[in-house]
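Single-structure report; data block below.
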Amino acid sequence: MYKRRWIGLVAIIILNVVVGMTFVWFGPIADSTAKEFGFTLNQVNWLGTCVNVTYLPCAVLVPNMYTRLGLRRSCYIGGALLTIAAWIRYAGTARSLSVGGAYTLILIAQLCSGFIVPIFQVLIPGYSEKWFDLRQRTTATMLMSVANPIGSALGQLISPLIGSPRQSLLVLAIILSVATPCIFLVQETPPTPPTRAAAQGNPSFWSFIRALAGREPKELATYMTSRQRTDFAIMWLIFGVLVAVITAFSILSAQYLEPFGYSSTIAGLMGATILLVGLVSTIITAPIFDRILTHQLALTCKCLCPLIGGGWLSLIWAIRRHDTGALFAIMAAIGASSLTLLPVALELAVELTRNANASTAMLWASSNLFSIILVLVQGALRDGPDASPPYSMHRATIFQGTAVSAAVVLIFFMEGKQTRRSADERAQAHHAVPGHEMVEPRIRESLIDIHAEEGYSKGTALS
């Protein structure tokens, strides 16, 4: 394998970190942003939610863009949009603008972010598959996939600490501009693929849709059995809800906590705790999944999902005055479980579909869809001025805890067989050579063997 793979990995991490800052930047400073610019709270909430709305159609476009343009040129497009959006967002802070004009410019920049985020998120499992072998692939996915949540954590920490909202948007523009040159460090593919899966071409998004519909030919690697289609549907729902609830909490953190006497800084730290504790947990567990729990991704999901559901349910009673310690403990537990689960779910989805770009795009699209639903519903459930305390989000926490608990129960109906890893291991064991020395004929033979073992037709697997 090639050392340059780590340079590309670091570049992708940096890009995802800075992109992750953009859609939660206004969460901890929602009240001060509304006062300084003259926006309503719902308008400020939409500055985060609009990213999720834009993401949905982009989930279809981005995998096709990677298929047509390749990894490097797609990253160039993302980098250009990142810098342009950063300074359009800052242009919206000009005091000469009307309230409507300022909101329009900031909203346009946030909508651009909705296209940028999937460009750098969707490539993660595919980059791991192309550049890393079986003993490093899950670790690489974990390191890159937690970068976006880390960006969210940093965004929640930084935005309330930098003076006024206008000043914070200037700092954000500078951060994004400095990070953009990292796009030139991401390489397309290694000269020699490290595994059987890495040697295959990028399947199209439409082959994934055909597989989900049961119309993909059985002799193709992207064919999915009815069991795999059911498993992916379960993962799509659970992944979407669990990521969405963290996103919604990040956007609404100040509105959850400030009615009970917590400051915007504490609100930002609460959201950041989820993500930073999760980062530490991910760093610890990443090598374990590559070297010990290599075939236990589904079991990991079944163990962690109930813990996460219990954490969100407990907030119904935990969000109250003078309960800072308990809240931080709950956030830490949710973060440790959720971020450990995040890359595991992304890898398991590729195992089920053998289509890294499309499956990743669909999972992240589900999270954005449910983020929109959760933010809008919880905003509508905000208490009125006569409540105790006024404008609290107690009814929203009940809805949130119930929705998460109902979703995670479905995990016990998932089988989650790791087909891709089995094929890669079978290929290496059959030919008794390191994965990076395999060539196309051996890949073809091994894939046919795997298909025959699982009851597929013995066709030409890669023709």
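Note on naming: chains are A, B, ... as they come in the structure tokens, residues start from 1 per chain, ligands start from 1 in the order shown.
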
Checklist line | Nearby residues (only C-alpha atoms) at most 8 Å from A:Leu56, same-chain spacing under 4 positions excluded, as a VMD selection string | finding: chain A and resid 52 60 365 368 to 369

Could you please take those selected residues and save C-alpha atoms as a JSON list (two decimals), in the first residue's frame?
[["chain", "number", "residue", "atom", "x", "y", "z"],
["A", 52, "ASN", "CA", -30.68, 19.37, 5.19],
["A", 60, "VAL", "CA", -28.78, 11.49, -5.92],
["A", 365, "ALA", "CA", -29.89, 11.63, 2.90],
["A", 368, "ASN", "CA", -31.04, 15.00, 6.56],
["A", 369, "LEU", "CA", -34.67, 14.10, 5.84]]

Item checked: Neighbour list for A:Leu41 as a PyMOL selection string, cut-off 9 Å, only C-alpha atoms, skip fewer than 6 positions in-chain -> chain A and resi 30-31+33-34

Item checked: All residues 7 Å or closer to A:Leu381, only C-alpha atoms, same chain fewer than 6 positions away omitted, as JSON, numbers by chain -> {"A": [393, 395, 396]}

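Residues in contact with A:Cys303 at up to 10 Å, not including ones fewer than 6 positions away on its chain and judged by only C-alpha atoms, are A:Ser337, A:Leu341, A:Ile411, A:Phe412.
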
Based on the selection just made, write N, CA and C atoms of those residues as a short mmCIF file (atom, residue, chain, number, x, y, z; two decimals), in the first residue's frame.
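Result written to selection.cif:
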data_model
loop_
_atom_site.label_atom_id
_atom_site.label_comp_id
_atom_site.auth_asym_id
_atom_site.auth_seq_id
_atom_site.Cartn_x
_atom_site.Cartn_y
_atom_site.Cartn_z
N SER A 337 -21.62 6.40 22.51
CA SER A 337 -22.33 5.33 21.80
C SER A 337 -22.60 5.70 20.34
N LEU A 341 -20.99 4.13 16.81
CA LEU A 341 -21.92 3.46 15.89
C LEU A 341 -21.88 4.04 14.48
N ILE A 411 -33.66 -2.50 15.27
CA ILE A 411 -32.33 -3.07 15.05
C ILE A 411 -32.31 -4.58 15.32
N PHE A 412 -33.21 -5.05 16.16
CA PHE A 412 -33.22 -6.47 16.51
C PHE A 412 -33.81 -7.34 15.40
#

Next item on the list: Find the residues around stretch 343-347 of chain A up to 7 Å (only C-alpha atoms counted), leave out those fewer than 4 positions away in its own chain, and share them as a ChimeraX atom specification.
Entry: /A:125,138,141-142,145,297,351,360

Check: For A:Arg166, which residue among A:Ser405, A:Ser32, A:Thr230, A:Gln255 is the nearest when counting only C-alpha atoms?
Finding: A:Ser32

Check: So which residues touch A:Tyr391 within 12 Å, counting only C-alpha atoms, skipping near sequence neighbours fewer than 4 positions away, as a ChimeraX atom specification?
Finding: /A:41,254-260,378-387,395-396

Just C-alpha atoms for this one: save the residues we selected as a short mmCIF file (atom, residue, chain, number, x, y, z; two decimals), in the first residue's frame.
data_model
loop_
_atom_site.label_atom_id
_atom_site.label_comp_id
_atom_site.auth_asym_id
_atom_site.auth_seq_id
_atom_site.Cartn_x
_atom_site.Cartn_y
_atom_site.Cartn_z
CA LEU A 41 -36.06 32.31 15.73
CA ALA A 254 -29.92 27.01 23.04
CA GLN A 255 -33.70 26.81 22.74
CA TYR A 256 -33.74 23.58 24.78
CA LEU A 257 -31.58 24.87 27.61
CA GLU A 258 -31.84 28.65 27.90
CA PRO A 259 -35.46 28.62 29.20
CA PHE A 260 -34.12 26.64 32.18
CA GLN A 378 -39.90 20.25 17.72
CA GLY A 379 -40.08 23.92 16.79
CA ALA A 380 -43.85 23.59 16.51
CA LEU A 381 -43.97 21.89 19.94
CA ARG A 382 -42.26 24.82 21.69
CA ASP A 383 -44.33 25.99 24.67
CA GLY A 384 -45.88 29.45 24.70
CA PRO A 385 -45.15 32.49 26.91
CA ASP A 386 -47.55 31.28 29.61
CA ALA A 387 -45.72 27.97 30.16
CA ARG A 395 -43.02 18.63 24.76
CA ALA A 396 -40.31 18.50 22.08
#
